[in-house]
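Chemist: There's a structure below that I have some questions on.
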Amino acid sequence: MQMCEQPSTNSWNYEDLLQESRPKIRDISDLLPYAEYLAAQPERRTTHIGFNGYGSTKAGDRVLIAVDSEYDDRVVAAVAAALRARGAKVDVLRIDKGPVREFDELDEIRVIIRRGPWQDNPRRWEGIPWVEELAHANKYDLLIHGKGGPIPKTDYRYEAIPWLGAEQFACPATIYPRDVHLLINQKTWDMLWRRGKGGRVRIMDPEGTDLTYTLHEGYYDGRYGFNENPVCGHLFGHPPTPMIDPEDAAGIIKGTTNHFSRPFSPITVQMEAGQVTRVEGGGAYGAAWKDLLEETRKIKYPCFPRSGLFWLWEVAIGTNPKVRRPRNIHLHSSGGHEWERRRSGIIHLGLGTLWRGPEEYWAAENKLPYGHLHVHLMFPTLEVTTKEGGTLVVINRGRLTAMDDPEVRNLAAKYGDPDRLLSEDWIPDIPGISTEGEYESYARDPAGWQYRGIRGQ
C-alpha cells in the first residue's frame, strides 16, 4: 500500500485559483500549468488525487503513457508535453474501449466480479498486464497508466494517470496544497489508528445506513495491512483483508450509487457478524448482487473466518475537498462515481475480496466468483466510541472534522482564506437531505434526478 510522505512545497496562488472551481478550458495551454506542477512533484506510486507526481523524470528517460480511448486527448498531451520539457522521450499508447455510451445498472458487476484470472479481463481502472509487460520488455524508465486500485511492484517506475477528463485535471483538487492535505489525512487517521484502537465505530447516513463494528486490537499488529502509516486520500476506516474471527460488523447499508454504474433505486444491504446476509432493492444492481450472494454463500474464502464472499472490509474515506462530480456523469467515459468518492467526507463501502489479494488468485485458480462491490455514502457521520468511553467524531454529515482543526486552519492560512481552502467545492444534490424536496422523489429515480439538465431534462 502507498503511504503518505512529506509533500513538497508548492507556489500556486490559491486566492486566484479558488475564484473559479471549474476553470475555463480552451485548449491544452490551460492544462499545461497543472501538468508542469505534477511533473515536479515526488513520485509515490499512488492513484490518490493530491499526492500524484512524476518528479523523478530526468533528461533521457523513456516514458510510456498508456491510456484507453475514453481519456481526454488534451490531458494526455499536457502530461506528455510537461515530461518532454524535462528532457524525457515520451511514447503514448491508446487502447480502444469501444464507442461512447451511457452507463447501465450492471456495469459495476461487469467491471468488478471475476471467475477466472483478472489478468484476462482487467477491471476498468486498474493496470493492464500486457501493458505492464510491454513497459518491462522495452525498458521504459516510467510507465504512466491506470487510474485506481493498488499499483503492482515493478522494476521500473510506475505512476497512475487518474484524470479521465480535462475538468478533473485542471481543477484545484489536482494541485491542492500538499502539506495541508497531508495534515488533514494525519489528523483523521490519528482518531482511527491511535485513539480509536479497540473502540467501537458507528456509521450513519441520512439515506438509511446504520452500521457498527469494532476496531479489534488484533488488526493493529501489522499483519493485516492496517498500520500507523495512512493510505492518504483513501483512509481505511476498517482494516482490509484478511478478517479475524471476532469480526462483528452489523446493521444496514443503504445508498443509490456505487463506483461504476448508473444510479439505482435505494439498495438495502443487511449485515450480521461481519458479512452480508440479505440484499434488497437496488434495481438490476441489487438483483445481481443478491444472486451472487446466494451463489457464494457456502464458499469458504481463505481471507474470511467463515463461508461467504461479501464481508465488509473497505470503509474508505475521501480527503480532498476540491473534488467535484464530473458533468458528464451519465457517460461511461466520465469514470462514474468512482471519481467523486475521493471528495473529503464521502465514504465508499466495499464488500468482498481485496484487489489482487492472495484470495483473488485462489478464487481464480478454483474458478470461483471474486471481487468486491460498493455502496457510496454521501453524507455519512462516523463516530468512534473509545475503550475509555469517549466519543471521536471523524465525519459529521459528510464533513471531515479535521477540516476544522485549528492546526489545519492555521496551515491553510498560508495559502489564503482558510474558509475557502477548507470548504468543499461540491455538495451532492439530494432532495430532503441537501436540497429542498422529499427524498422519496429522488429515490424513485436517482439517475433521472442526477442526469436532469444533461439532456435537457
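Within each chain, counting starts at residue 1; across the C-alpha cells, chains are named A, B, ... in the order shown, with ligands numbered 1 upward in that order.
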Running DSSP on the backbone, which parts of range 258-307 of chain A land in helix (DSSP H, G or I), as a PyMOL selection string?

Modeler: chain A and resi 283-296

Chemist: Could the residues of range 318-423 of chain A that have an atom at most 10 Å from range 116-119 of chain A be listed as CSV, each with its closest atom pair and the distance in Å to one decimal, counting only C-alpha atoms and ordered by chain and ascending residue number?

Modeler:
residue,atom,partner,partner_atom,distance
A:Trp355,CA,A:Trp118,CA,9.7
A:Arg356,CA,A:Trp118,CA,8.3
A:Glu360,CA,A:Pro117,CA,8.3
A:Tyr361,CA,A:Pro117,CA,7.1
A:Trp362,CA,A:Pro117,CA,9.6
A:Ala363,CA,A:Gly116,CA,7.6
A:Ala364,CA,A:Gly116,CA,4.3
A:Glu365,CA,A:Gly116,CA,6.9
A:Asn366,CA,A:Gly116,CA,8.0
A:Lys367,CA,A:Gly116,CA,5.3
A:Leu368,CA,A:Gly116,CA,7.3
A:Pro369,CA,A:Gly116,CA,7.9
A:Tyr370,CA,A:Gly116,CA,8.8
A:Gly371,CA,A:Trp118,CA,9.6

Chemist: Using only C-alpha atoms for the distances, tell me which of A:Leu235, A:Leu31, A:Leu382, A:Val63 is nearest to Asn185 in chain A.

Modeler: A:Leu235

Chemist: Choose the residue, out of A:Lys147, A:His238, A:Arg444, A:Arg45, that has the smallest atom-to-atom separation from Leu351 in chain A; count only C-alpha atoms.

Modeler: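 Answer, going by the shortest atom-to-atom distance: A:His238.
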
Chemist: Show me, as a PyMOL selection string, the residues that have an atom within 10 Å of Gly432 in chain A when counting only C-alpha atoms, minus same-chain residues fewer than 3 positions from it.

Modeler: chain A and resi 206-207+429+435-442

Chemist: Rounded to one decimal in Å, what is the spacing between CA of Glu126 in chain A and CA of Ala160 in chain A?

Modeler: 9.2 Å

Chemist: Using only C-alpha atoms, determine which residues lie at most 12 Å from Lys139 in chain A, disregarding the query and same-chain residues fewer than 6 positions distant; provide the list as number ranges by chain.

Modeler: A: 61-64, 132-133, 154-157

Chemist: Mind checking DSSP for range 101-276 of chain A and telling me the strand (DSSP E) residues as a PyMOL selection string?

Modeler: chain A and resi 142-145+157-159+200-204+210-214+235-236+250-255+267-272+275-276

Chemist: For the selection just defined, write its residues with N, CA and C atoms to a file, as an mmCIF file, in the first residue's frame.

Modeler:
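Saved result, out.cif, follows:
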data_model
loop_
_atom_site.group_PDB
_atom_site.id
_atom_site.type_symbol
_atom_site.label_atom_id
_atom_site.label_comp_id
_atom_site.auth_asym_id
_atom_site.auth_seq_id
_atom_site.Cartn_x
_atom_site.Cartn_y
_atom_site.Cartn_z
ATOM 1 N N LEU A 142 9.726 4.846 -16.929
ATOM 2 C CA LEU A 142 8.491 5.202 -16.227
ATOM 3 C C LEU A 142 7.290 4.790 -17.060
ATOM 4 N N LEU A 143 6.353 4.082 -16.430
ATOM 5 C CA LEU A 143 5.050 3.797 -17.021
ATOM 6 C C LEU A 143 4.012 4.647 -16.311
ATOM 7 N N ILE A 144 3.220 5.390 -17.076
ATOM 8 C CA ILE A 144 2.098 6.170 -16.547
ATOM 9 C C ILE A 144 0.831 5.508 -17.063
ATOM 10 N N HIS A 145 0.057 4.897 -16.146
ATOM 11 C CA HIS A 145 -1.006 4.001 -16.595
ATOM 12 C C HIS A 145 -1.928 3.688 -15.420
ATOM 13 N N ARG A 157 9.754 2.544 -12.738
ATOM 14 C CA ARG A 157 8.856 3.451 -12.038
ATOM 15 C C ARG A 157 7.460 3.357 -12.654
ATOM 16 N N TYR A 158 6.446 3.489 -11.808
ATOM 17 C CA TYR A 158 5.066 3.255 -12.263
ATOM 18 C C TYR A 158 4.176 4.228 -11.512
ATOM 19 N N GLU A 159 3.509 5.117 -12.255
ATOM 20 C CA GLU A 159 2.603 6.090 -11.671
ATOM 21 C C GLU A 159 1.270 6.063 -12.408
ATOM 22 N N ARG A 200 -15.280 1.294 19.272
ATOM 23 C CA ARG A 200 -16.468 0.862 18.536
ATOM 24 C C ARG A 200 -16.880 1.951 17.550
ATOM 25 N N VAL A 201 -17.023 1.588 16.273
ATOM 26 C CA VAL A 201 -17.387 2.531 15.218
ATOM 27 C C VAL A 201 -18.885 2.446 14.931
ATOM 28 N N ARG A 202 -19.482 3.615 14.732
ATOM 29 C CA ARG A 202 -20.849 3.662 14.219
ATOM 30 C C ARG A 202 -20.872 4.607 13.023
ATOM 31 N N ILE A 203 -21.433 4.133 11.910
ATOM 32 C CA ILE A 203 -21.576 4.932 10.696
ATOM 33 C C ILE A 203 -23.056 5.074 10.383
ATOM 34 N N MET A 204 -23.496 6.311 10.220
ATOM 35 C CA MET A 204 -24.886 6.611 9.869
ATOM 36 C C MET A 204 -24.906 7.521 8.650
ATOM 37 N N ASP A 210 -26.970 2.473 8.829
ATOM 38 C CA ASP A 210 -26.688 2.467 10.270
ATOM 39 C C ASP A 210 -25.892 1.197 10.537
ATOM 40 N N LEU A 211 -24.585 1.363 10.680
ATOM 41 C CA LEU A 211 -23.658 0.241 10.704
ATOM 42 C C LEU A 211 -22.708 0.401 11.884
ATOM 43 N N THR A 212 -22.432 -0.696 12.574
ATOM 44 C CA THR A 212 -21.479 -0.660 13.684
ATOM 45 C C THR A 212 -20.470 -1.801 13.536
ATOM 46 N N TYR A 213 -19.263 -1.574 14.086
ATOM 47 C CA TYR A 213 -18.253 -2.628 14.135
ATOM 48 C C TYR A 213 -17.168 -2.210 15.118
ATOM 49 N N THR A 214 -16.346 -3.171 15.507
ATOM 50 C CA THR A 214 -15.269 -2.939 16.464
ATOM 51 C C THR A 214 -13.932 -2.819 15.746
ATOM 52 N N LEU A 235 -8.394 6.804 3.227
ATOM 53 C CA LEU A 235 -8.151 6.347 4.601
ATOM 54 C C LEU A 235 -9.052 5.176 4.953
ATOM 55 N N PHE A 236 -8.453 4.132 5.503
ATOM 56 C CA PHE A 236 -9.222 2.941 5.849
ATOM 57 C C PHE A 236 -9.882 3.111 7.214
ATOM 58 N N ALA A 250 -22.223 -5.078 11.826
ATOM 59 C CA ALA A 250 -23.652 -5.411 11.798
ATOM 60 C C ALA A 250 -24.464 -4.150 11.545
ATOM 61 N N GLY A 251 -25.607 -4.359 10.909
ATOM 62 C CA GLY A 251 -26.510 -3.243 10.665
ATOM 63 C C GLY A 251 -26.972 -3.209 9.228
ATOM 64 N N ILE A 252 -27.284 -2.009 8.749
ATOM 65 C CA ILE A 252 -27.844 -1.827 7.413
ATOM 66 C C ILE A 252 -26.994 -0.822 6.638
ATOM 67 N N ILE A 253 -26.745 -1.139 5.379
ATOM 68 C CA ILE A 253 -26.103 -0.219 4.437
ATOM 69 C C ILE A 253 -27.137 0.149 3.382
ATOM 70 N N LYS A 254 -27.297 1.442 3.130
ATOM 71 C CA LYS A 254 -28.250 1.880 2.112
ATOM 72 C C LYS A 254 -27.619 2.984 1.274
ATOM 73 N N GLY A 255 -27.954 3.008 -0.005
ATOM 74 C CA GLY A 255 -27.453 4.043 -0.890
ATOM 75 C C GLY A 255 -27.982 3.866 -2.291
ATOM 76 N N ILE A 267 -30.677 0.646 -2.413
ATOM 77 C CA ILE A 267 -30.346 -0.737 -2.087
ATOM 78 C C ILE A 267 -30.241 -0.856 -0.567
ATOM 79 N N THR A 268 -30.680 -1.985 -0.025
ATOM 80 C CA THR A 268 -30.552 -2.275 1.398
ATOM 81 C C THR A 268 -29.714 -3.529 1.551
ATOM 82 N N VAL A 269 -28.552 -3.376 2.182
ATOM 83 C CA VAL A 269 -27.630 -4.486 2.412
ATOM 84 C C VAL A 269 -27.604 -4.754 3.912
ATOM 85 N N GLN A 270 -28.142 -5.910 4.320
ATOM 86 C CA GLN A 270 -28.208 -6.277 5.729
ATOM 87 C C GLN A 270 -26.938 -7.026 6.113
ATOM 88 N N MET A 271 -26.321 -6.644 7.253
ATOM 89 C CA MET A 271 -25.089 -7.278 7.705
ATOM 90 C C MET A 271 -25.229 -7.831 9.113
ATOM 91 N N GLU A 272 -24.603 -8.978 9.335
ATOM 92 C CA GLU A 272 -24.517 -9.577 10.668
ATOM 93 C C GLU A 272 -23.153 -10.252 10.792
ATOM 94 N N GLN A 275 -20.592 -9.987 7.810
ATOM 95 C CA GLN A 275 -20.877 -10.316 6.421
ATOM 96 C C GLN A 275 -22.322 -10.018 6.039
ATOM 97 N N VAL A 276 -22.548 -9.937 4.730
ATOM 98 C CA VAL A 276 -23.872 -9.652 4.203
ATOM 99 C C VAL A 276 -24.758 -10.886 4.359
#

Chemist: Identify, on the basis of only C-alpha atoms, every residue whose closest approach to Leu292 in chain A does not exceed 12 Å; exclude the query and any residue fewer than 4 positions from it along the same chain; express the result as a list in words.

Modeler: Ile109, Ile113, Arg114, Arg115, Val276, Thr277, Arg278, Val279, Tyr285, Gly286, Ala287, Ala288, Thr296, Arg297, Lys298, Ile299, Gly308, Leu309, Phe310, Gly352, Leu368, Pro369, Tyr370, Gly371, His372 and Leu373 of chain A

Chemist: Selection from above, C-alpha atoms, as a short mmCIF file (atom, residue, chain, number, x, y, z; two decimals), in the first residue's frame, can you write it?

Modeler:
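And here is the file that came out, selection22.cif:
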data_model
loop_
_atom_site.label_atom_id
_atom_site.label_comp_id
_atom_site.auth_asym_id
_atom_site.auth_seq_id
_atom_site.Cartn_x
_atom_site.Cartn_y
_atom_site.Cartn_z
CA ILE A 109 -20.92 -6.08 -11.70
CA ILE A 113 -16.75 -9.59 -10.44
CA ARG A 114 -14.44 -12.19 -11.97
CA ARG A 115 -14.46 -16.00 -12.19
CA VAL A 276 -23.87 -9.65 4.20
CA THR A 277 -26.92 -11.76 5.00
CA ARG A 278 -29.51 -10.18 2.70
CA VAL A 279 -29.75 -7.75 -0.23
CA TYR A 285 -27.62 -3.98 -9.46
CA GLY A 286 -29.29 -5.25 -6.31
CA ALA A 287 -30.79 -8.24 -8.09
CA ALA A 288 -27.41 -9.27 -9.50
CA THR A 296 -21.19 -17.75 -2.85
CA ARG A 297 -22.91 -18.29 0.49
CA LYS A 298 -21.26 -21.70 1.11
CA ILE A 299 -17.82 -20.96 -0.36
CA GLY A 308 -19.36 -16.36 2.08
CA LEU A 309 -17.88 -13.75 -0.26
CA PHE A 310 -19.42 -10.48 0.88
CA GLY A 352 -15.80 -8.89 -0.87
CA LEU A 368 -14.95 -19.18 -8.21
CA PRO A 369 -16.52 -15.69 -8.17
CA TYR A 370 -14.48 -12.93 -6.52
CA GLY A 371 -14.28 -9.15 -6.28
CA HIS A 372 -15.84 -6.52 -4.03
CA LEU A 373 -18.95 -4.43 -4.65
#

Chemist: Residues within 8 Å of Arg94 in chain A, please, as a list in words. Count only C-alpha atoms; anything in the same chain fewer than 6 positions from it doesn't count.

Modeler: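 The residues that qualify are Ala66, Val67, Asp68 and Ser69 of chain A.
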
Chemist: Only N, CA and C atoms, please: the residues just picked out, written as a PDB file, in the first residue's frame.

Modeler:
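What ended up in out-v4.pdb:
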ATOM      1  N   ALA A  66       0.197   5.076 -21.143  1.00  0.00           N
ATOM      2  CA  ALA A  66      -0.750   4.119 -21.717  1.00  0.00           C
ATOM      3  C   ALA A  66      -2.139   4.412 -21.176  1.00  0.00           C
ATOM      4  N   VAL A  67      -3.043   4.795 -22.051  1.00  0.00           N
ATOM      5  CA  VAL A  67      -4.412   5.154 -21.662  1.00  0.00           C
ATOM      6  C   VAL A  67      -5.384   4.476 -22.616  1.00  0.00           C
ATOM      7  N   ASP A  68      -6.655   4.503 -22.256  1.00  0.00           N
ATOM      8  CA  ASP A  68      -7.651   3.977 -23.183  1.00  0.00           C
ATOM      9  C   ASP A  68      -8.339   5.135 -23.902  1.00  0.00           C
ATOM     10  N   SER A  69      -9.215   4.790 -24.823  1.00  0.00           N
ATOM     11  CA  SER A  69      -9.814   5.784 -25.710  1.00  0.00           C
ATOM     12  C   SER A  69     -10.806   6.697 -25.005  1.00  0.00           C
TER      13      SER A  69
END

Chemist: With a distance cut-off of 6 Å and only C-alpha atoms, select the neighbouring residues of Thr319 in chain A, excluding the residue or stretch itself and same-chain residues fewer than 3 positions from it, and output the selection as an MDAnalysis selection string.

Modeler: chainID A and resid 233 343:344

Chemist: Using only C-alpha atoms, can you tell me which of A:Asp190, A:Glu167, A:Glu102, A:Asp27 comes closest to Pro263 in chain A?

Modeler: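 Closest to Pro263 in chain A, using only C-alpha atoms: A:Glu102.
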
Chemist: When distances are computed from only C-alpha atoms, which of A:Glu314, A:Arg86, A:Trp426, A:Ile454 shows the smallest separation from Arg327 in chain A?

Modeler: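 Ranked by minimum distance to Arg327 in chain A, first place goes to A:Ile454.
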
Chemist: Of the candidates A:Tyr176, A:Pro418, A:His332, A:Lys322, which shows the shortest atom-to-atom distance to Val111 in chain A, using only C-alpha atoms?

Modeler: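 Once distances to Val111 in chain A are computed over only C-alpha atoms, the minimum belongs to A:His332.
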
Chemist: To one decimal place in Å, what is the distance between CA of Asn52 in chain A and CA of Ala35 in chain A?

Modeler: 10.8 Å

Chemist: Could you check which of A:Phe304, A:Tyr415, A:Phe379, A:Trp289 is closest to Ile427 in chain A, using only C-alpha atoms?

Modeler: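 Between A:Phe304, A:Tyr415, A:Phe379, A:Trp289, the residue approaching Ile427 in chain A most closely is A:Phe379.
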